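Asker: Structure file data37.txt (compact mmCIF, C-alpha atoms and all ligand atoms) right here:
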```txt
# COMPACT_ATOMS: atom_id res chain seq x y z
CA ASN A 1169 1.49 33.07 48.06
CA LEU A 1170 0.74 31.20 44.83
CA LYS A 1171 1.50 27.73 46.25
CA ASP A 1172 -0.98 28.24 49.12
CA MET A 1173 -3.64 29.50 46.73
CA VAL A 1174 -3.29 26.43 44.54
CA ARG A 1175 -3.43 24.14 47.59
CA ARG A 1176 -6.55 25.88 48.97
CA SER A 1177 -8.43 25.76 45.68
CA ALA A 1178 -7.56 22.08 45.23
CA ALA A 1179 -8.90 21.38 48.73
CA VAL A 1180 -12.15 23.22 47.93
CA ARG A 1181 -12.56 21.37 44.64
CA SER A 1182 -12.00 17.98 46.20
CA THR A 1183 -14.56 18.47 49.02
CA LYS A 1184 -17.14 19.94 46.62
CA HIS A 1185 -16.99 16.91 44.32
CA GLY A 1186 -16.54 14.41 47.09
CA VAL A 1187 -13.06 13.50 45.98
CA HIS A 1188 -10.49 13.35 48.73
CA ARG A 1189 -7.11 14.83 48.29
CA GLY A 1190 -4.53 12.20 47.58
CA MET A 1191 -7.09 10.00 45.84
CA SER A 1192 -7.39 9.97 42.10
CA SER A 1193 -10.45 10.08 39.86
CA VAL A 1194 -8.45 8.19 37.24
CA THR A 1195 -9.71 4.61 36.89
CA ILE A 1196 -7.58 3.42 34.00
CA PRO A 1197 -3.96 2.96 35.12
CA PRO A 1198 -1.03 3.88 32.90
CA PRO A 1199 -0.51 0.91 30.57
CA ALA A 1200 2.56 -1.18 31.34
CA CYS A 1201 3.79 -0.90 27.73
CA MET A 1202 3.92 2.88 28.07
CA LEU A 1203 6.30 2.53 30.99
CA ARG A 1204 8.76 0.62 28.83
CA PRO A 1205 11.04 2.34 26.30
CA LEU A 1206 10.20 2.32 22.58
CA GLU A 1207 11.83 -0.59 20.81
CA VAL A 1208 12.29 -0.66 17.05
CA PRO A 1209 14.13 -3.56 15.45
CA PHE A 1210 16.60 -3.01 12.64
CA ARG A 1211 15.22 -4.17 9.28
CA TYR A 1212 16.51 -4.09 5.74
CA LEU A 1213 13.49 -2.66 3.98
CA PHE A 1214 13.85 -4.33 0.60
CA GLY A 1215 10.13 -4.49 -0.11
CA PRO A 1216 8.06 -2.06 -2.16
CA GLY A 1217 8.25 0.62 0.54
CA PRO A 1218 8.88 2.21 2.87
CA SER A 1219 12.60 2.01 2.24
CA ASN A 1220 15.35 2.65 4.78
CA VAL A 1221 15.84 6.31 5.56
CA PRO A 1222 19.46 7.51 5.33
CA PRO A 1223 20.96 9.24 8.38
CA ARG A 1224 21.03 12.62 6.61
CA ILE A 1225 17.26 12.57 6.09
CA LEU A 1226 16.59 11.18 9.59
CA ALA A 1227 18.70 14.03 10.99
CA ALA A 1228 16.76 16.62 8.99
CA GLY A 1229 13.49 15.20 10.34
CA GLY A 1230 14.95 15.29 13.85
CA ARG A 1231 15.68 19.03 13.80
CA PRO A 1232 13.77 21.11 16.35
CA ILE A 1233 10.46 22.09 14.87
CA ILE A 1234 9.22 25.59 14.14
CA GLY A 1235 5.67 26.77 13.65
CA HIS A 1236 3.88 25.68 10.50
CA MET A 1237 3.07 29.33 9.70
CA HIS A 1238 6.50 30.83 10.42
CA SER A 1239 8.11 32.67 7.53
CA GLU A 1240 11.12 30.30 7.68
CA MET A 1241 8.72 27.38 7.28
CA PHE A 1242 7.19 29.01 4.22
CA GLY A 1243 10.74 29.35 2.90
CA ILE A 1244 11.28 25.61 3.41
CA MET A 1245 7.95 24.86 1.70
CA ASN A 1246 9.02 27.04 -1.23
CA ASP A 1247 12.22 24.97 -1.46
CA ILE A 1248 10.15 21.77 -1.41
CA LYS A 1249 8.01 23.14 -4.22
CA LYS A 1250 11.15 23.78 -6.32
CA GLY A 1251 12.49 20.32 -5.45
CA ILE A 1252 9.25 18.70 -6.59
CA GLN A 1253 9.21 20.77 -9.79
CA TYR A 1254 12.66 19.37 -10.54
CA ALA A 1255 11.77 15.78 -9.59
CA PHE A 1256 8.58 15.93 -11.70
CA GLN A 1257 10.19 17.99 -14.48
CA THR A 1258 7.43 20.56 -14.43
CA SER A 1259 7.15 24.29 -14.22
CA ASN A 1260 3.61 24.08 -12.80
CA ASN A 1261 3.00 26.74 -10.18
CA MET A 1262 0.42 24.48 -8.50
CA THR A 1263 3.01 22.16 -7.00
CA LEU A 1264 3.02 21.21 -3.33
CA ALA A 1265 3.28 18.32 -0.87
CA MET A 1266 0.25 16.79 0.76
CA SER A 1267 0.18 16.24 4.50
CA GLY A 1268 -0.37 12.50 4.28
CA SER A 1269 0.69 9.40 2.41
CA GLY A 1270 0.34 8.65 -1.31
CA HIS A 1271 -3.36 7.91 -0.87
CA THR A 1272 -3.88 11.48 0.29
CA ALA A 1273 -2.57 12.79 -3.01
CA MET A 1274 -4.67 10.23 -4.87
CA GLU A 1275 -7.83 11.40 -3.11
CA CYS A 1276 -6.85 15.05 -3.42
CA ALA A 1277 -6.52 14.69 -7.20
CA VAL A 1278 -9.83 12.90 -7.68
CA PHE A 1279 -11.82 14.98 -5.18
CA ASN A 1280 -10.67 18.29 -6.63
CA ILE A 1281 -10.83 17.48 -10.33
CA VAL A 1282 -14.02 15.46 -10.54
CA GLU A 1283 -17.56 16.55 -9.68
CA PRO A 1284 -20.27 14.06 -8.80
CA GLY A 1285 -21.86 12.57 -11.90
CA GLU A 1286 -18.85 13.23 -14.14
CA SER A 1287 -17.28 10.41 -16.06
CA VAL A 1288 -13.87 9.04 -15.10
CA LEU A 1289 -11.79 6.39 -16.88
CA VAL A 1290 -9.44 4.27 -14.78
CA ALA A 1291 -6.79 1.90 -16.11
CA ILE A 1292 -6.68 -1.11 -13.82
CA ASN A 1293 -3.70 -3.46 -14.13
CA GLY A 1294 -3.01 -3.99 -10.46
CA ILE A 1295 -4.18 -2.58 -7.15
CA TRP A 1296 -3.70 1.15 -7.76
CA GLY A 1297 -6.28 1.45 -10.49
CA GLU A 1298 -8.67 -0.50 -8.27
CA ARG A 1299 -8.10 2.02 -5.48
CA VAL A 1300 -8.63 5.06 -7.68
CA ALA A 1301 -11.79 3.54 -9.15
CA GLU A 1302 -13.13 3.05 -5.64
CA ILE A 1303 -12.18 6.58 -4.56
CA ALA A 1304 -13.93 8.05 -7.63
CA GLU A 1305 -16.97 5.87 -7.09
CA ARG A 1306 -17.24 6.97 -3.45
CA MET A 1307 -17.34 10.64 -4.40
CA GLY A 1308 -20.10 9.98 -6.92
CA ALA A 1309 -18.25 9.85 -10.23
CA LYS A 1310 -19.38 7.63 -13.11
CA VAL A 1311 -16.49 5.20 -13.22
CA HIS A 1312 -15.44 3.35 -16.37
CA THR A 1313 -12.50 0.98 -16.36
CA LEU A 1314 -9.92 -0.41 -18.73
CA PHE A 1315 -8.77 -3.75 -17.40
CA LYS A 1316 -5.74 -6.03 -17.62
CA THR A 1317 -4.57 -8.73 -15.24
CA PRO A 1318 -1.45 -7.79 -13.23
CA GLY A 1319 1.57 -7.41 -15.47
CA GLY A 1320 -0.51 -6.28 -18.44
CA HIS A 1321 -0.34 -2.82 -19.98
CA PHE A 1322 -2.51 -0.73 -22.29
CA THR A 1323 -1.72 0.31 -25.84
CA ASN A 1324 -2.39 3.90 -26.88
CA ALA A 1325 -5.02 2.56 -29.30
CA GLU A 1326 -6.88 0.85 -26.42
CA ILE A 1327 -6.72 4.03 -24.37
CA GLU A 1328 -7.94 6.17 -27.26
CA GLN A 1329 -10.86 3.84 -27.96
CA ALA A 1330 -12.01 4.01 -24.33
CA LEU A 1331 -11.63 7.81 -24.21
CA ALA A 1332 -13.75 8.16 -27.34
CA LYS A 1333 -16.39 5.84 -25.91
CA HIS A 1334 -16.70 7.15 -22.35
CA LYS A 1335 -15.71 10.81 -22.78
CA PRO A 1336 -14.24 11.06 -19.27
CA VAL A 1337 -13.08 14.30 -17.65
CA LEU A 1338 -10.16 12.37 -16.11
CA PHE A 1339 -8.08 9.35 -17.09
CA PHE A 1340 -5.98 7.57 -14.46
CA LEU A 1341 -2.87 5.56 -15.22
CA THR A 1342 -0.21 4.13 -12.88
CA HIS A 1343 3.33 4.78 -14.07
CA GLY A 1344 5.03 2.37 -11.67
CA GLU A 1345 2.58 -0.44 -10.89
CA SER A 1346 4.26 -1.69 -7.73
CA SER A 1347 1.83 -4.59 -7.20
CA ALA A 1348 2.86 -6.04 -10.58
CA GLY A 1349 6.37 -4.62 -11.03
CA LEU A 1350 5.44 -2.90 -14.28
CA VAL A 1351 6.51 0.49 -15.59
CA HIS A 1352 3.84 1.73 -17.97
CA PRO A 1353 4.80 3.38 -21.29
CA MET A 1354 3.79 7.04 -21.12
CA ASP A 1355 4.63 8.43 -24.54
CA GLY A 1356 1.65 9.85 -26.38
CA VAL A 1357 -0.87 9.15 -23.61
CA GLY A 1358 -1.12 12.81 -22.58
CA ASP A 1359 -1.66 13.94 -26.17
CA ILE A 1360 -4.45 11.42 -26.68
CA CYS A 1361 -6.15 12.55 -23.46
CA HIS A 1362 -6.02 16.20 -24.54
CA LYS A 1363 -7.43 15.30 -27.96
CA TYR A 1364 -10.53 14.08 -26.09
CA ASN A 1365 -10.54 17.02 -23.69
CA CYS A 1366 -9.66 14.74 -20.80
CA LEU A 1367 -7.13 15.37 -18.03
CA LEU A 1368 -4.40 12.81 -17.39
CA LEU A 1369 -3.75 11.75 -13.78
CA VAL A 1370 -0.62 9.65 -13.18
CA ASP A 1371 0.56 7.76 -10.07
CA SER A 1372 4.34 7.79 -9.72
CA VAL A 1373 4.54 6.74 -6.06
CA ALA A 1374 6.72 3.72 -6.82
CA SER A 1375 8.56 5.03 -9.88
CA LEU A 1376 9.61 8.62 -9.16
CA GLY A 1377 13.37 8.93 -9.26
CA ALA A 1378 13.74 5.34 -10.46
CA ALA A 1379 12.23 5.42 -13.98
CA PRO A 1380 12.13 8.34 -16.44
CA LEU A 1381 9.04 10.51 -16.20
CA LEU A 1382 8.71 14.05 -17.55
CA MET A 1383 5.51 15.70 -16.43
CA ASP A 1384 5.47 18.69 -18.77
CA GLN A 1385 6.96 17.00 -21.82
CA GLN A 1386 4.62 14.04 -21.47
CA ASN A 1387 1.59 16.29 -21.01
CA ILE A 1388 0.61 14.88 -17.64
CA ASP A 1389 -2.00 17.07 -15.93
CA ILE A 1390 -1.82 15.76 -12.41
CA LEU A 1391 1.13 13.81 -11.03
CA TYR A 1392 1.68 12.58 -7.51
CA THR A 1393 4.22 10.50 -5.63
CA GLY A 1394 5.05 9.39 -2.10
CA SER A 1395 7.93 10.27 0.20
CA GLN A 1396 8.87 6.76 1.32
CA LYS A 1397 10.05 5.04 -1.85
CA ALA A 1398 13.01 6.21 -3.98
CA LEU A 1399 12.95 9.57 -2.20
CA ASN A 1400 13.79 7.72 1.07
CA ALA A 1401 11.99 10.12 3.38
CA PRO A 1402 9.77 8.70 6.12
CA PRO A 1403 6.18 7.97 5.06
CA GLY A 1404 3.68 10.77 5.54
CA THR A 1405 4.13 13.42 2.85
CA ALA A 1406 3.15 13.20 -0.81
CA PRO A 1407 4.29 15.56 -3.58
CA VAL A 1408 1.63 16.50 -6.13
CA SER A 1409 1.43 18.90 -9.07
CA PHE A 1410 -1.42 20.24 -11.22
CA SER A 1411 -1.13 21.65 -14.75
CA GLU A 1412 -2.89 24.86 -15.78
CA ARG A 1413 -5.60 22.83 -17.48
CA ALA A 1414 -6.13 20.88 -14.25
CA CYS A 1415 -6.24 24.15 -12.27
CA HIS A 1416 -8.79 25.57 -14.68
CA LYS A 1417 -11.07 22.57 -14.13
CA MET A 1418 -10.66 22.36 -10.36
CA PHE A 1419 -11.01 26.07 -9.65
CA ASN A 1420 -14.13 26.46 -11.81
CA ARG A 1421 -16.29 23.77 -10.26
CA LYS A 1422 -19.94 24.14 -9.43
CA THR A 1423 -19.74 22.05 -6.26
CA LYS A 1424 -17.25 22.09 -3.41
CA PRO A 1425 -14.94 19.05 -3.15
CA VAL A 1426 -16.20 16.52 -0.60
CA SER A 1427 -13.11 16.92 1.58
CA TYR A 1428 -12.35 20.12 3.48
CA LEU A 1429 -8.86 18.92 4.38
CA LEU A 1430 -7.98 18.12 0.76
CA ASP A 1431 -9.63 21.15 -0.85
CA MET A 1432 -7.05 22.65 -3.20
CA THR A 1433 -8.50 26.14 -2.76
CA HIS A 1434 -7.20 26.03 0.81
CA LEU A 1435 -4.06 23.99 0.11
CA SER A 1436 -2.96 26.31 -2.69
CA ASN A 1437 -3.15 29.20 -0.23
CA TYR A 1438 -1.27 27.25 2.46
CA TRP A 1439 1.51 26.61 -0.07
CA GLY A 1440 1.54 30.20 -1.32
CA ASN A 1441 0.46 29.14 -4.81
CA ASP A 1442 -2.71 31.22 -5.13
CA GLY A 1443 -1.03 34.61 -5.52
CA LYS A 1444 -2.75 36.01 -2.42
CA PRO A 1445 -0.52 38.10 -0.15
CA GLU A 1446 -1.63 36.37 3.04
CA ARG A 1447 -1.55 32.72 4.02
CA ILE A 1448 -4.45 31.73 6.20
CA TYR A 1449 -4.38 28.81 8.63
CA HIS A 1450 -5.94 25.69 7.14
CA HIS A 1451 -4.31 22.75 8.94
CA THR A 1452 -1.04 22.11 10.77
CA GLY A 1453 1.30 20.51 8.27
CA PRO A 1454 3.77 17.79 9.33
CA VAL A 1455 6.69 20.13 10.01
CA SER A 1456 9.26 17.36 10.66
CA GLY A 1457 7.98 15.44 7.65
CA PHE A 1458 8.52 18.52 5.50
CA PHE A 1459 12.09 18.92 6.81
CA ALA A 1460 12.79 15.31 5.85
CA LEU A 1461 11.10 15.68 2.47
CA ARG A 1462 13.17 18.77 1.70
CA GLU A 1463 16.36 16.83 2.47
CA SER A 1464 15.30 13.91 0.28
CA LEU A 1465 14.56 16.25 -2.63
CA ALA A 1466 17.93 17.93 -2.05
CA ILE A 1467 19.69 14.54 -2.30
CA LEU A 1468 17.87 13.83 -5.59
CA ALA A 1469 18.81 17.27 -6.93
CA GLU A 1470 22.46 16.73 -5.99
CA MET A 1471 22.54 13.31 -7.64
CA GLY A 1472 20.61 14.41 -10.71
CA LEU A 1473 17.48 12.74 -12.03
CA GLU A 1474 19.18 11.10 -15.00
CA ASN A 1475 21.89 9.61 -12.77
CA SER A 1476 19.22 8.36 -10.40
CA TRP A 1477 17.28 6.70 -13.25
CA SER A 1478 20.35 5.01 -14.74
CA HIS A 1479 21.59 3.90 -11.32
CA HIS A 1480 18.25 2.21 -10.54
CA THR A 1481 18.33 0.47 -13.93
CA GLU A 1482 21.90 -0.72 -13.46
CA ILE A 1483 21.22 -2.22 -10.01
CA ALA A 1484 17.90 -3.69 -11.15
CA GLU A 1485 19.63 -5.42 -14.06
CA TYR A 1486 22.21 -6.87 -11.69
CA LEU A 1487 19.39 -8.14 -9.46
CA TRP A 1488 17.40 -9.56 -12.41
CA LYS A 1489 20.44 -11.48 -13.67
CA GLY A 1490 21.12 -12.84 -10.17
CA LEU A 1491 17.50 -13.96 -9.81
CA GLU A 1492 17.59 -15.74 -13.15
CA ASP A 1493 20.89 -17.39 -12.16
CA LEU A 1494 19.03 -18.77 -9.12
CA GLY A 1495 16.60 -20.37 -11.54
CA LEU A 1496 13.79 -17.92 -10.76
CA LYS A 1497 11.39 -16.47 -13.33
CA LEU A 1498 10.77 -12.75 -13.48
CA PHE A 1499 7.08 -11.91 -13.58
CA ILE A 1500 7.40 -9.18 -16.22
CA LYS A 1501 8.93 -10.84 -19.29
CA ASP A 1502 9.73 -7.71 -21.29
CA LYS A 1503 12.79 -6.03 -19.74
CA ASP A 1504 11.69 -2.60 -20.94
CA LEU A 1505 8.42 -2.91 -19.01
CA ARG A 1506 10.06 -3.89 -15.72
CA LEU A 1507 9.90 -1.33 -12.94
CA PRO A 1508 13.52 -0.79 -11.82
CA SER A 1509 12.51 0.06 -8.24
CA VAL A 1510 10.28 -2.96 -7.57
CA THR A 1511 11.09 -6.35 -9.08
CA THR A 1512 8.42 -9.03 -9.20
CA ILE A 1513 9.36 -12.70 -9.22
CA ALA A 1514 6.92 -15.45 -10.16
CA ILE A 1515 6.48 -17.59 -7.04
CA PRO A 1516 8.74 -20.58 -7.58
CA GLU A 1517 6.93 -23.88 -7.88
CA GLY A 1518 7.03 -26.08 -4.83
CA TYR A 1519 7.31 -23.23 -2.35
CA ASP A 1520 4.97 -21.56 0.07
CA TRP A 1521 5.62 -17.84 -0.54
CA LYS A 1522 4.65 -16.85 2.99
CA GLU A 1523 7.16 -19.29 4.42
CA LEU A 1524 9.91 -17.89 2.19
CA LEU A 1525 9.18 -14.35 3.35
CA ALA A 1526 9.02 -15.35 7.02
CA TYR A 1527 12.31 -17.27 6.74
CA ILE A 1528 14.06 -14.31 5.14
CA MET A 1529 12.74 -11.92 7.75
CA LYS A 1530 13.68 -14.19 10.63
CA HIS A 1531 17.14 -15.22 9.47
CA HIS A 1532 18.26 -12.23 7.42
CA ARG A 1533 16.27 -9.30 8.89
CA ILE A 1534 15.23 -8.51 5.34
CA GLU A 1535 11.75 -7.50 4.28
CA PHE A 1536 10.59 -8.71 0.88
CA THR A 1537 6.85 -8.90 0.28
CA GLY A 1538 4.30 -10.96 -1.54
CA GLY A 1539 1.82 -9.55 -4.04
CA LEU A 1540 -0.81 -6.94 -3.30
CA GLY A 1541 -4.48 -6.93 -4.28
CA PRO A 1542 -4.86 -8.89 -7.51
CA SER A 1543 -1.21 -10.01 -7.53
CA VAL A 1544 -1.39 -11.81 -4.15
CA GLY A 1545 -0.21 -15.39 -4.59
CA MET A 1546 1.35 -14.54 -7.97
CA VAL A 1547 4.56 -12.78 -7.04
CA LEU A 1548 7.32 -12.05 -4.57
CA ARG A 1549 8.48 -8.45 -4.60
CA ILE A 1550 11.93 -7.00 -4.00
CA GLY A 1551 12.33 -3.24 -3.86
CA LEU A 1552 15.71 -1.50 -3.94
CA MET A 1553 15.01 2.20 -3.96
CA GLY A 1554 17.16 5.30 -3.61
CA TYR A 1555 19.50 4.86 -0.64
CA ASN A 1556 18.81 1.09 -0.61
CA CYS A 1557 19.63 0.76 -4.28
CA ASN A 1558 23.20 -0.52 -4.51
CA LYS A 1559 25.07 -3.68 -5.53
CA ALA A 1560 25.87 -4.73 -1.95
CA ASN A 1561 22.17 -4.71 -1.03
CA ALA A 1562 21.22 -6.51 -4.23
CA ALA A 1563 23.84 -9.17 -3.45
CA MET A 1564 22.52 -9.46 0.11
CA ALA A 1565 18.97 -9.85 -1.19
CA LEU A 1566 20.08 -12.58 -3.61
CA ALA A 1567 22.03 -14.46 -0.92
CA ALA A 1568 19.03 -14.35 1.43
CA LEU A 1569 16.72 -15.65 -1.27
CA GLU A 1570 19.17 -18.40 -2.23
CA ASP A 1571 19.36 -19.49 1.40
CA ALA A 1572 15.56 -19.46 1.75
CA LEU A 1573 15.14 -21.49 -1.43
CA LYS A 1574 17.49 -24.14 0.02
CA GLN A 1575 15.79 -24.20 3.42
CA CYS A 1576 12.10 -23.92 2.53
CA ARG A 1577 11.65 -26.45 -0.27
CA LYS A 1578 8.35 -28.24 0.04
CA SER A 1579 7.99 -31.91 -0.63
CA LYS A 1580 4.40 -31.37 -1.77
CA ALA A 1581 5.52 -29.87 -5.13
N1 LIG A 1601 0.61 4.04 -5.60
C1 LIG A 1601 1.63 3.18 -5.70
C2 LIG A 1601 2.14 2.81 -7.06
C3 LIG A 1601 2.20 2.63 -4.54
O1 LIG A 1601 3.21 1.75 -4.66
C4 LIG A 1601 1.69 3.01 -3.28
C5 LIG A 1601 2.28 2.48 -1.99
N2 LIG A 1601 2.64 1.16 -1.99
C6 LIG A 1601 0.63 3.91 -3.23
C7 LIG A 1601 0.13 4.41 -4.41
C8 LIG A 1601 0.01 4.32 -1.95
O2 LIG A 1601 0.86 5.08 -1.20
P1 LIG A 1601 0.72 5.20 0.40
O3 LIG A 1601 0.88 3.82 0.96
O4 LIG A 1601 1.87 6.11 0.74
O5 LIG A 1601 -0.60 5.78 0.68
```
Once more with this new file: its structure as structure tokens, please.
Answerer:
Amino acid sequence: NLKDMVRRSAAVRSTKHGVHRGMSSVTIPPPACMLRPLEVPFRYLFGPGPSNVPPRILAAGGRPIIGHMHSEMFGIMNDIKKGIQYAFQTSNNMTLAMSGSGHTAMECAVFNIVEPGESVLVAINGIWGERVAEIAERMGAKVHTLFKTPGGHFTNAEIEQALAKHKPVLFFLTHGESSAGLVHPMDGVGDICHKYNCLLLVDSVASLGAAPLLMDQQNIDILYTGSQKALNAPPGTAPVSFSERACHKMFNRKTKPVSYLLDMTHLSNYWGNDGKPERIYHHTGPVSGFFALRESLAILAEMGLENSWSHHTEIAEYLWKGLEDLGLKLFIKDKDLRLPSVTTIAIPEGYDWKELLAYIMKHHRIEFTGGLGPSVGMVLRIGLMGYNCNKANAAMALAALEDALKQCRKSKA
């Protein structure tokens, strides 16, 4: 019988290779940590992301998976596409979610739009412009930059001047600069770019759902976001959309994009956007991540974008007032330029910002963060996004900060 056959063949194998039955060829033992259960502490994620994931989205992500090429999965991906079109306010056919975090969408946009040697203009007023400049440089673009220190923003006249000078094929601007807490004015930028035959790429990872952004009306050619901020899905998927102009440029290139995984020729087929009757395997998408993303887009659709924007503003204003009542200074002076989802506070004099953060984490289980990239040492950041964005959480954040300010005062001031 089968059992005997298996036993006999195992005996033959072990004598042939000099390994005795009952002994193992494994030399690395199972690690002790793997024999203990997974432990995840509870945290209030009030930093710039990820934010806490509501039970409804966690449950969607916990549903039994199906195959990434099953027709039902394609149906779910079609729903996601519609949800993104709503969230972005676009009717672009070339709308999909990347398998990966916000950086994946960032690289996808640059790799597919730009060919080596082409000129790119990047607005740097925090870390995200720095990242895009580096990504473009790595794939061989000629990178030009517009620069402001964190908290600064660019006038349309400054942008136009740089476009006229450098004649880029792509201009990058961050809508919600999460390292500085700035929401960048968008009106007119798209029109200026098109006047100079340049495509406009916008990062809305930190701002989508929290601050008004209208892809089609604002003439944005490529827009991307992340799943883990105001959308409240787990990290790991990143919505992105390309206008017809962007599609024309990326599907008429002379060279292939440097990345196979991020090649939009393949991704547009995977997402059923290329009009071909058959979808061909390219990579295995994050099925559970897509379930969760669909649920988060459904929640946004139920709430309504305008309600979501005004709700974020209302809670942010409550937080800003509370911070000022504590004697703190907000990093972005102009209220209209403050990002409602991520508030930046100038580090109060006489305090060690790392000690404040550690105290708040230890005693309140709350994550706030310091700056990022060029804003390190300049700011503390509090993010209240989507599910986390409510008065009770804002009050809890303020109470924790008040307590830390009492406990962590430094004599060295
Ligand atoms: N852009 C902005 C504005 C962000 O806030 C972030 C994440 N902090 C990213 C891009 C990068 O996203 P991810 O960490 O998901 O790759």
Asker: Could you give me, as a list in words, every polymer residue with an atom at most 6 Å away from an atom of ligand LIG 1601 (chain A), counting all atoms listed in the file?
Answerer: Ser1269, Gly1270, His1271, Trp1296, Gly1344, Glu1345, Ser1346, Asp1371, Val1373, Ala1374 and Gly1394 of chain A
Asker: I want to know what sits within 10 Å of A:Pro1336, based on all atoms listed in the file, with residues of the same chain fewer than 3 positions away left out; could you give that as a PDB file with C-alpha atoms, in the coordinates of the input?
Answerer:
```
ATOM      1  CA  VAL A1282     -14.020  15.460 -10.540  1.00  0.00           C
ATOM      2  CA  GLU A1286     -18.850  13.230 -14.140  1.00  0.00           C
ATOM      3  CA  SER A1287     -17.280  10.410 -16.060  1.00  0.00           C
ATOM      4  CA  VAL A1288     -13.870   9.040 -15.100  1.00  0.00           C
ATOM      5  CA  LEU A1289     -11.790   6.390 -16.880  1.00  0.00           C
ATOM      6  CA  VAL A1290      -9.440   4.270 -14.780  1.00  0.00           C
ATOM      7  CA  ALA A1309     -18.250   9.850 -10.230  1.00  0.00           C
ATOM      8  CA  LYS A1310     -19.380   7.630 -13.110  1.00  0.00           C
ATOM      9  CA  VAL A1311     -16.490   5.200 -13.220  1.00  0.00           C
ATOM     10  CA  HIS A1312     -15.440   3.350 -16.370  1.00  0.00           C
ATOM     11  CA  ALA A1330     -12.010   4.010 -24.330  1.00  0.00           C
ATOM     12  CA  LEU A1331     -11.630   7.810 -24.210  1.00  0.00           C
ATOM     13  CA  ALA A1332     -13.750   8.160 -27.340  1.00  0.00           C
ATOM     14  CA  LYS A1333     -16.390   5.840 -25.910  1.00  0.00           C
ATOM     15  CA  PHE A1339      -8.080   9.350 -17.090  1.00  0.00           C
ATOM     16  CA  CYS A1361      -6.150  12.550 -23.460  1.00  0.00           C
ATOM     17  CA  TYR A1364     -10.530  14.080 -26.090  1.00  0.00           C
ATOM     18  CA  ASN A1365     -10.540  17.020 -23.690  1.00  0.00           C
ATOM     19  CA  CYS A1366      -9.660  14.740 -20.800  1.00  0.00           C
ATOM     20  CA  LEU A1367      -7.130  15.370 -18.030  1.00  0.00           C
TER      21      LEU A1367
END
```
Asker: So that I can see what lies close to A:Gln1386, please list as number ranges by chain the residues with an atom at most 9 Å from it, counting all atoms listed in the file and leaving out residues fewer than 4 positions away in the same chain.
Answerer: A: 1354-1359, 1381-1382
Asker: I'd like the contact shell of A:Thr1537 - 9 Å cut-off, all atoms listed in the file, skipping same-chain residues fewer than 4 positions apart - returned as an MDAnalysis selection string.
Answerer: chainID A and resid 1214:1216 1522 1525 1547:1551
Asker: Which protein, DNA or RNA residues have an atom at most 8 Å from (9.7, -20.9, 2.5), counting all atoms listed in the file? List them as a VMD selection string.
Answerer: chain A and resid 1519 to 1527 1572 to 1573 1575 to 1578
Asker: Could you pull out every residue with an atom within 12 Å of (-18.7, 10.6, -1.8), file coordinates, counting only C-alpha atoms, and send them as a PyMOL selection string?
Answerer: chain A and resi 1275+1278-1279+1282-1285+1302-1310+1424-1427
Asker: Could you name the residues that touch A:Pro1542 at 7 Å or less, counting all atoms listed in the file, but leaving out those on the same chain fewer than 2 positions away, as an NGL selection string?
Answerer: :A and (1294-1295 or 1318 or 1540 or 1544)
Asker: Rounded to one decimal, what separation in Å do you get between atom CA of A:Leu1430 and atom CA of A:Pro1218?
Answerer: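 A separation of 23.3 Å between them.
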Asker: Choose the residue, out of A:Tyr1449, A:Met1383, A:Leu1505, A:Leu1264, that has the smallest atom-to-atom separation from A:Phe1322; count only C-alpha atoms.
Answerer: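 Distance minimum relative to A:Phe1322 lands on A:Leu1505.
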Asker: Could you name the residues that touch stretch 1221-1229 of chain A at 6 Å or less, counting only C-alpha atoms, but leaving out those on the same chain fewer than 4 positions away, as a PDB file with C-alpha atoms, in the frame of the given file?
Answerer:
```
ATOM      1  CA  ASN A1400      13.790   7.720   1.070  1.00  0.00           C
ATOM      2  CA  ALA A1401      11.990  10.120   3.380  1.00  0.00           C
ATOM      3  CA  SER A1456       9.260  17.360  10.660  1.00  0.00           C
ATOM      4  CA  PHE A1459      12.090  18.920   6.810  1.00  0.00           C
ATOM      5  CA  ALA A1460      12.790  15.310   5.850  1.00  0.00           C
ATOM      6  CA  GLU A1463      16.360  16.830   2.470  1.00  0.00           C
TER       7      GLU A1463
END
```
Asker: Write out as CSV a residue-level contact list of stretch 1399-1461 of chain A versus stretch 1251-1254 of chain A with cut-off 12 Å: for each qualifying residue the closest pair of atoms and the distance in Å to one decimal, counting only C-alpha atoms, rows sorted by chain and residue number upward.
Answerer:
```
residue,atom,partner,partner_atom,distance
A:Leu1399,CA,A:Ile1252,CA,10.8
A:Thr1405,CA,A:Ile1252,CA,12.0
A:Ala1406,CA,A:Ile1252,CA,10.0
A:Pro1407,CA,A:Ile1252,CA,6.6
A:Val1408,CA,A:Ile1252,CA,7.9
A:Ser1409,CA,A:Gln1253,CA,8.0
A:Phe1410,CA,A:Gln1253,CA,10.7
A:Ser1411,CA,A:Gln1253,CA,11.5
A:Phe1458,CA,A:Gly1251,CA,11.8
A:Leu1461,CA,A:Gly1251,CA,9.3
```
Asker: May I ask which of the residues A:Phe1256, A:Phe1419, A:Phe1210, A:Tyr1438 is the closest one to A:Thr1452, counting all atoms listed in the file?
Answerer: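 Going through A:Phe1256, A:Phe1419, A:Phe1210, A:Tyr1438 one by one, the smallest distance to A:Thr1452 is for A:Tyr1438.
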Asker: Would you mind reading off the distance between atom CA of A:Glu1535 and atom CA of A:Met1553, one decimal, in Å?
Answerer: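 Pair atom CA of A:Glu1535 / atom CA of A:Met1553 returns 13.1 Å.
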Asker: Have a look at atom CA of A:Asn1220 and atom CA of A:Leu1341 and let me know their distance in Å, one decimal.
Answerer: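 These atoms are spaced 27.2 Å apart.
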